[in-house]
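**Student:** Dumping the structure here so I can ask a few things about it.
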Amino acid sequence: MTRDEQITELNKAYQGFIRVVLSLSEDGFLRPLGGWTPRDIVAHLIGWNRNILVGCQQIKTGISPFYHIDGPNDYRKVNAESIARFNSPQRSVLLEELASSKDELVAYVTALDEHDWDKDWGPQHYRGGPATIARSIQSLTKDYLNHIGEIVKAYK
């Protein structure tokens, strides 16, 4: 997939996630589904938008993304930090932060040269293979889509 196609897919996944979150009642937004509430998931995605931005910048300089160290732990520490940091119970506050963090990430990756998108800058992913900007955006897109499914399934 090209850079522009991947960015389009990320934006679609983000929009789908927003629709699902806005369809929840205020109670539903704060009701646990598994180990997290939808509020926690929004906070988690705010953190990942910010983390992926920093990670992409690190990849371009030949450094492994800082969060890869927590990968074998299923990113438990990184996720807990995001949930604690973005702790507002107000959906509107969190959705504004989610939009802002997604827009910053998209602005950064949109400005990248297409040649740099899937370039192997040297860092390796902890699961093997190169850690690329394309792979980072693909992972974030999948995360949005997985959380859409999780919320929809819990609130059918």
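Ordered as shown in the structure tokens, chains take letters A, B, and onward, while each chain numbers its residues from 1 and ligands are numbered from 1 in the order shown.
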Any idea what's packed within 12 Å of Glu81 of chain A, counting only C-alpha atoms, ignoring anything in its chain fewer than 2 positions away? Could you give it as a ChimeraX atom specification?

**Tutor:** /A:40,43-48,51,67,70,75-79,83-87

**Student:** Taking N, CA and C atoms for each residue, export the selection above as a PDB file, in the first residue's frame.

**Tutor:**
```pdb
ATOM      1  N   ASP A  40     -11.196   4.284  28.549  1.00  0.00           N
ATOM      2  CA  ASP A  40      -9.806   3.830  28.602  1.00  0.00           C
ATOM      3  C   ASP A  40      -9.247   3.586  27.204  1.00  0.00           C
ATOM      4  N   ALA A  43      -8.310   6.867  25.666  1.00  0.00           N
ATOM      5  CA  ALA A  43      -7.047   7.326  26.255  1.00  0.00           C
ATOM      6  C   ALA A  43      -5.865   6.534  25.685  1.00  0.00           C
ATOM      7  N   HIS A  44      -6.051   5.235  25.550  1.00  0.00           N
ATOM      8  CA  HIS A  44      -5.035   4.355  24.978  1.00  0.00           C
ATOM      9  C   HIS A  44      -4.674   4.797  23.553  1.00  0.00           C
ATOM     10  N   LEU A  45      -5.683   5.115  22.743  1.00  0.00           N
ATOM     11  CA  LEU A  45      -5.424   5.517  21.360  1.00  0.00           C
ATOM     12  C   LEU A  45      -4.806   6.908  21.265  1.00  0.00           C
ATOM     13  N   ILE A  46      -5.157   7.797  22.192  1.00  0.00           N
ATOM     14  CA  ILE A  46      -4.472   9.095  22.239  1.00  0.00           C
ATOM     15  C   ILE A  46      -2.977   8.847  22.455  1.00  0.00           C
ATOM     16  N   GLY A  47      -2.686   8.009  23.424  1.00  0.00           N
ATOM     17  CA  GLY A  47      -1.291   7.682  23.703  1.00  0.00           C
ATOM     18  C   GLY A  47      -0.593   7.084  22.502  1.00  0.00           C
ATOM     19  N   TRP A  48      -1.284   6.161  21.802  1.00  0.00           N
ATOM     20  CA  TRP A  48      -0.650   5.527  20.645  1.00  0.00           C
ATOM     21  C   TRP A  48      -0.471   6.481  19.485  1.00  0.00           C
ATOM     22  N   ASN A  51       2.610   8.177  20.619  1.00  0.00           N
ATOM     23  CA  ASN A  51       3.748   7.250  20.618  1.00  0.00           C
ATOM     24  C   ASN A  51       4.220   6.939  19.203  1.00  0.00           C
ATOM     25  N   TYR A  67       8.841   2.436  22.560  1.00  0.00           N
ATOM     26  CA  TYR A  67       7.809   1.542  23.092  1.00  0.00           C
ATOM     27  C   TYR A  67       8.061   0.075  22.769  1.00  0.00           C
ATOM     28  N   ASP A  70       8.579  -2.457  25.551  1.00  0.00           N
ATOM     29  CA  ASP A  70       7.416  -2.967  26.287  1.00  0.00           C
ATOM     30  C   ASP A  70       6.582  -3.929  25.436  1.00  0.00           C
ATOM     31  N   TYR A  75       2.690  -4.348  25.744  1.00  0.00           N
ATOM     32  CA  TYR A  75       2.626  -2.896  25.936  1.00  0.00           C
ATOM     33  C   TYR A  75       1.851  -2.489  27.193  1.00  0.00           C
ATOM     34  N   ARG A  76       1.845  -3.337  28.189  1.00  0.00           N
ATOM     35  CA  ARG A  76       1.076  -3.041  29.410  1.00  0.00           C
ATOM     36  C   ARG A  76       1.509  -1.734  30.084  1.00  0.00           C
ATOM     37  N   LYS A  77       2.806  -1.508  30.178  1.00  0.00           N
ATOM     38  CA  LYS A  77       3.299  -0.295  30.838  1.00  0.00           C
ATOM     39  C   LYS A  77       2.946   0.942  30.014  1.00  0.00           C
ATOM     40  N   VAL A  78       3.188   0.875  28.724  1.00  0.00           N
ATOM     41  CA  VAL A  78       2.896   2.009  27.841  1.00  0.00           C
ATOM     42  C   VAL A  78       1.396   2.327  27.865  1.00  0.00           C
ATOM     43  N   ASN A  79       0.570   1.299  27.795  1.00  0.00           N
ATOM     44  CA  ASN A  79      -0.878   1.518  27.816  1.00  0.00           C
ATOM     45  C   ASN A  79      -1.349   2.085  29.150  1.00  0.00           C
ATOM     46  N   ILE A  83      -3.441   5.618  29.815  1.00  0.00           N
ATOM     47  CA  ILE A  83      -4.728   5.659  30.505  1.00  0.00           C
ATOM     48  C   ILE A  83      -4.655   6.581  31.716  1.00  0.00           C
ATOM     49  N   ALA A  84      -3.532   6.563  32.422  1.00  0.00           N
ATOM     50  CA  ALA A  84      -3.361   7.454  33.576  1.00  0.00           C
ATOM     51  C   ALA A  84      -3.172   8.907  33.141  1.00  0.00           C
ATOM     52  N   ARG A  85      -2.445   9.122  32.060  1.00  0.00           N
ATOM     53  CA  ARG A  85      -2.153  10.492  31.610  1.00  0.00           C
ATOM     54  C   ARG A  85      -3.384  11.182  31.035  1.00  0.00           C
ATOM     55  N   PHE A  86      -4.127  10.472  30.224  1.00  0.00           N
ATOM     56  CA  PHE A  86      -5.317  11.046  29.585  1.00  0.00           C
ATOM     57  C   PHE A  86      -6.523  10.539  30.370  1.00  0.00           C
ATOM     58  N   ASN A  87      -6.739  11.140  31.548  1.00  0.00           N
ATOM     59  CA  ASN A  87      -7.637  10.565  32.533  1.00  0.00           C
ATOM     60  C   ASN A  87      -8.988  11.244  32.680  1.00  0.00           C
TER      61      ASN A  87
END
```

**Student:** Once DSSP has gone over the backbone, tell me which residues of segment 42-97 of chain A are in alpha helix (DSSP H), as a PDB file with C-alpha atoms, in the first residue's frame.

**Tutor:**
```pdb
ATOM      1  CA  VAL A  42      -9.855   6.408  23.825  1.00  0.00           C
ATOM      2  CA  ALA A  43      -7.047   7.326  26.255  1.00  0.00           C
ATOM      3  CA  HIS A  44      -5.035   4.355  24.978  1.00  0.00           C
ATOM      4  CA  LEU A  45      -5.424   5.517  21.360  1.00  0.00           C
ATOM      5  CA  ILE A  46      -4.472   9.095  22.239  1.00  0.00           C
ATOM      6  CA  GLY A  47      -1.291   7.682  23.703  1.00  0.00           C
ATOM      7  CA  TRP A  48      -0.650   5.527  20.645  1.00  0.00           C
ATOM      8  CA  ASN A  49      -1.167   8.424  18.242  1.00  0.00           C
ATOM      9  CA  ARG A  50       1.498  10.314  20.193  1.00  0.00           C
ATOM     10  CA  ASN A  51       3.748   7.250  20.618  1.00  0.00           C
ATOM     11  CA  ILE A  52       3.647   6.367  16.923  1.00  0.00           C
ATOM     12  CA  LEU A  53       4.563   9.958  16.013  1.00  0.00           C
ATOM     13  CA  VAL A  54       7.644   9.816  18.250  1.00  0.00           C
ATOM     14  CA  GLY A  55       8.369   6.259  17.091  1.00  0.00           C
ATOM     15  CA  CYS A  56       8.311   7.306  13.422  1.00  0.00           C
ATOM     16  CA  GLN A  57      10.706  10.151  14.194  1.00  0.00           C
ATOM     17  CA  GLN A  58      12.990   7.699  16.010  1.00  0.00           C
ATOM     18  CA  ILE A  59      12.859   5.198  13.139  1.00  0.00           C
ATOM     19  CA  LYS A  60      13.946   7.930  10.710  1.00  0.00           C
ATOM     20  CA  ARG A  76       1.076  -3.041  29.410  1.00  0.00           C
ATOM     21  CA  LYS A  77       3.299  -0.295  30.838  1.00  0.00           C
ATOM     22  CA  VAL A  78       2.896   2.009  27.841  1.00  0.00           C
ATOM     23  CA  ASN A  79      -0.878   1.518  27.816  1.00  0.00           C
ATOM     24  CA  ALA A  80      -1.209   2.060  31.581  1.00  0.00           C
ATOM     25  CA  GLU A  81       0.741   5.314  31.265  1.00  0.00           C
ATOM     26  CA  SER A  82      -1.620   6.569  28.543  1.00  0.00           C
ATOM     27  CA  ILE A  83      -4.728   5.659  30.505  1.00  0.00           C
ATOM     28  CA  ALA A  84      -3.361   7.454  33.576  1.00  0.00           C
ATOM     29  CA  ARG A  85      -2.153  10.492  31.610  1.00  0.00           C
ATOM     30  CA  ARG A  91     -15.892  12.050  26.365  1.00  0.00           C
ATOM     31  CA  SER A  92     -15.723  15.437  24.618  1.00  0.00           C
ATOM     32  CA  VAL A  93     -12.381  16.293  26.248  1.00  0.00           C
ATOM     33  CA  LEU A  94     -10.862  12.948  25.283  1.00  0.00           C
ATOM     34  CA  LEU A  95     -12.234  13.037  21.743  1.00  0.00           C
ATOM     35  CA  GLU A  96     -10.739  16.498  21.212  1.00  0.00           C
ATOM     36  CA  GLU A  97      -7.368  15.167  22.360  1.00  0.00           C
TER      37      GLU A  97
END
```

**Student:** Would you give me, as a Markdown table, each residue of segment 48-112 of chain A having an atom within 8 Å of an atom of segment 126-135 of chain A, along with its shortest atom pair and that distance in Å to one decimal, using only C-alpha atoms and sorting by chain and residue number?

**Tutor:**
```
| residue | atom | partner | partner_atom | distance |
| --- | --- | --- | --- | --- |
| A:Cys56 | CA | A:Ile133 | CA | 5.4 |
| A:Ile59 | CA | A:Thr132 | CA | 6.7 |
| A:Ser64 | CA | A:Ala131 | CA | 7.2 |
| A:His68 | CA | A:Tyr126 | CA | 6.3 |
| A:Ile69 | CA | A:Tyr126 | CA | 7.8 |
| A:Gly71 | CA | A:Tyr126 | CA | 7.1 |
| A:Pro72 | CA | A:Tyr126 | CA | 7.8 |
```

**Student:** Counting only C-alpha atoms, which residue out of A:Gln138, A:Asn11, A:Ser100, A:Gln124 sits closest to Gly62 of chain A?

**Tutor:**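 Closest to Gly62 of chain A of all the choices is A:Gln124.
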
**Student:** Pick from A:Pro89, A:His125, A:Arg39, A:Asp74: nearest to Ile18 of chain A, with only C-alpha atoms counted?

**Tutor:**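 Nearest candidate to Ile18 of chain A out of A:Pro89, A:His125, A:Arg39, A:Asp74: A:Arg39.
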
**Student:** Can you list, as an mmCIF file with C-alpha atoms, in the first residue's frame, every residue of chain A that DSSP puts in strand (DSSP E or B)?

**Tutor:**
```
data_model
loop_
_atom_site.group_PDB
_atom_site.id
_atom_site.type_symbol
_atom_site.label_atom_id
_atom_site.label_comp_id
_atom_site.auth_asym_id
_atom_site.auth_seq_id
_atom_site.Cartn_x
_atom_site.Cartn_y
_atom_site.Cartn_z
ATOM 1 C CA LEU A 33 -15.941 -4.215 28.759
ATOM 2 C CA TRP A 36 -11.050 -1.519 29.951
ATOM 3 C CA GLN A 124 14.353 -3.850 13.885
ATOM 4 C CA PRO A 130 12.468 -3.839 9.944
#
```

**Student:** Mind giving me the straight-line distance from atom CA of Thr141 of chain A to atom CA of Leu10 of chain A in Å, one decimal?

**Tutor:**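 Distance between the two atoms: 4.9 Å.
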
**Student:** Can you list, as a list of chain:residue names, every protein, DNA or RNA residue that comes within 12 Å of Lys156 of chain A when you count only C-alpha atoms, leaving out same-chain residues fewer than 4 positions away?

**Tutor:** A:Val20, A:Ser23, A:Leu24, A:Gly28, A:Leu33, A:Gly149, A:Glu150, A:Ile151, A:Val152

**Student:** So which one's closest to Leu30 of chain A, A:Ser88, A:Ser101, A:Asp118, A:Asp143? Using only C-alpha atoms, please.

**Tutor:**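 Closest candidate: A:Ser88.
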
**Student:** Which of these, A:Asn73, A:Thr110, A:Ser139, A:Gln90, has the shortest distance to Pro38 of chain A once you count only C-alpha atoms?

**Tutor:**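 Result for the nearest residue to Pro38 of chain A: A:Gln90.
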
**Student:** Excluding Lys142 of chain A and any residue of its chain fewer than 6 positions from it, enumerate the residues within 10 Å of it, using only C-alpha atoms, and give them as a compact mmCIF listing (two decimals) with N, CA and C atoms, in the first residue's frame.

**Tutor:**
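That gives us out-v1.txt:
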```txt
# COMPACT_ATOMS: atom_id res chain seq x y z
N GLU A 9 -6.55 4.90 4.99
CA GLU A 9 -7.08 3.79 5.81
C GLU A 9 -7.05 4.16 7.29
N LEU A 10 -5.99 4.82 7.74
CA LEU A 10 -5.94 5.26 9.14
C LEU A 10 -7.07 6.24 9.42
N ALA A 13 -10.37 4.40 9.66
CA ALA A 13 -10.47 3.65 10.91
C ALA A 13 -10.76 4.61 12.07
N ILE A 148 -12.81 -0.93 17.54
CA ILE A 148 -14.18 -0.76 17.03
C ILE A 148 -14.94 -2.08 17.22
```

**Student:** What separation in Å, quoted to one decimal, exists between atom CA of Asn146 of chain A and atom CA of Phe17 of chain A?

**Tutor:**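 Interatomic distance, atom CA of Asn146 of chain A to atom CA of Phe17 of chain A: 9.5 Å.
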
**Student:** Give me, please, the distance in Å between atom CA of Thr37 of chain A and atom CA of Thr8 of chain A, quoted to one decimal.

**Tutor:**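 Spanning atom CA of Thr37 of chain A to atom CA of Thr8 of chain A is a straight-line distance of 27.1 Å.
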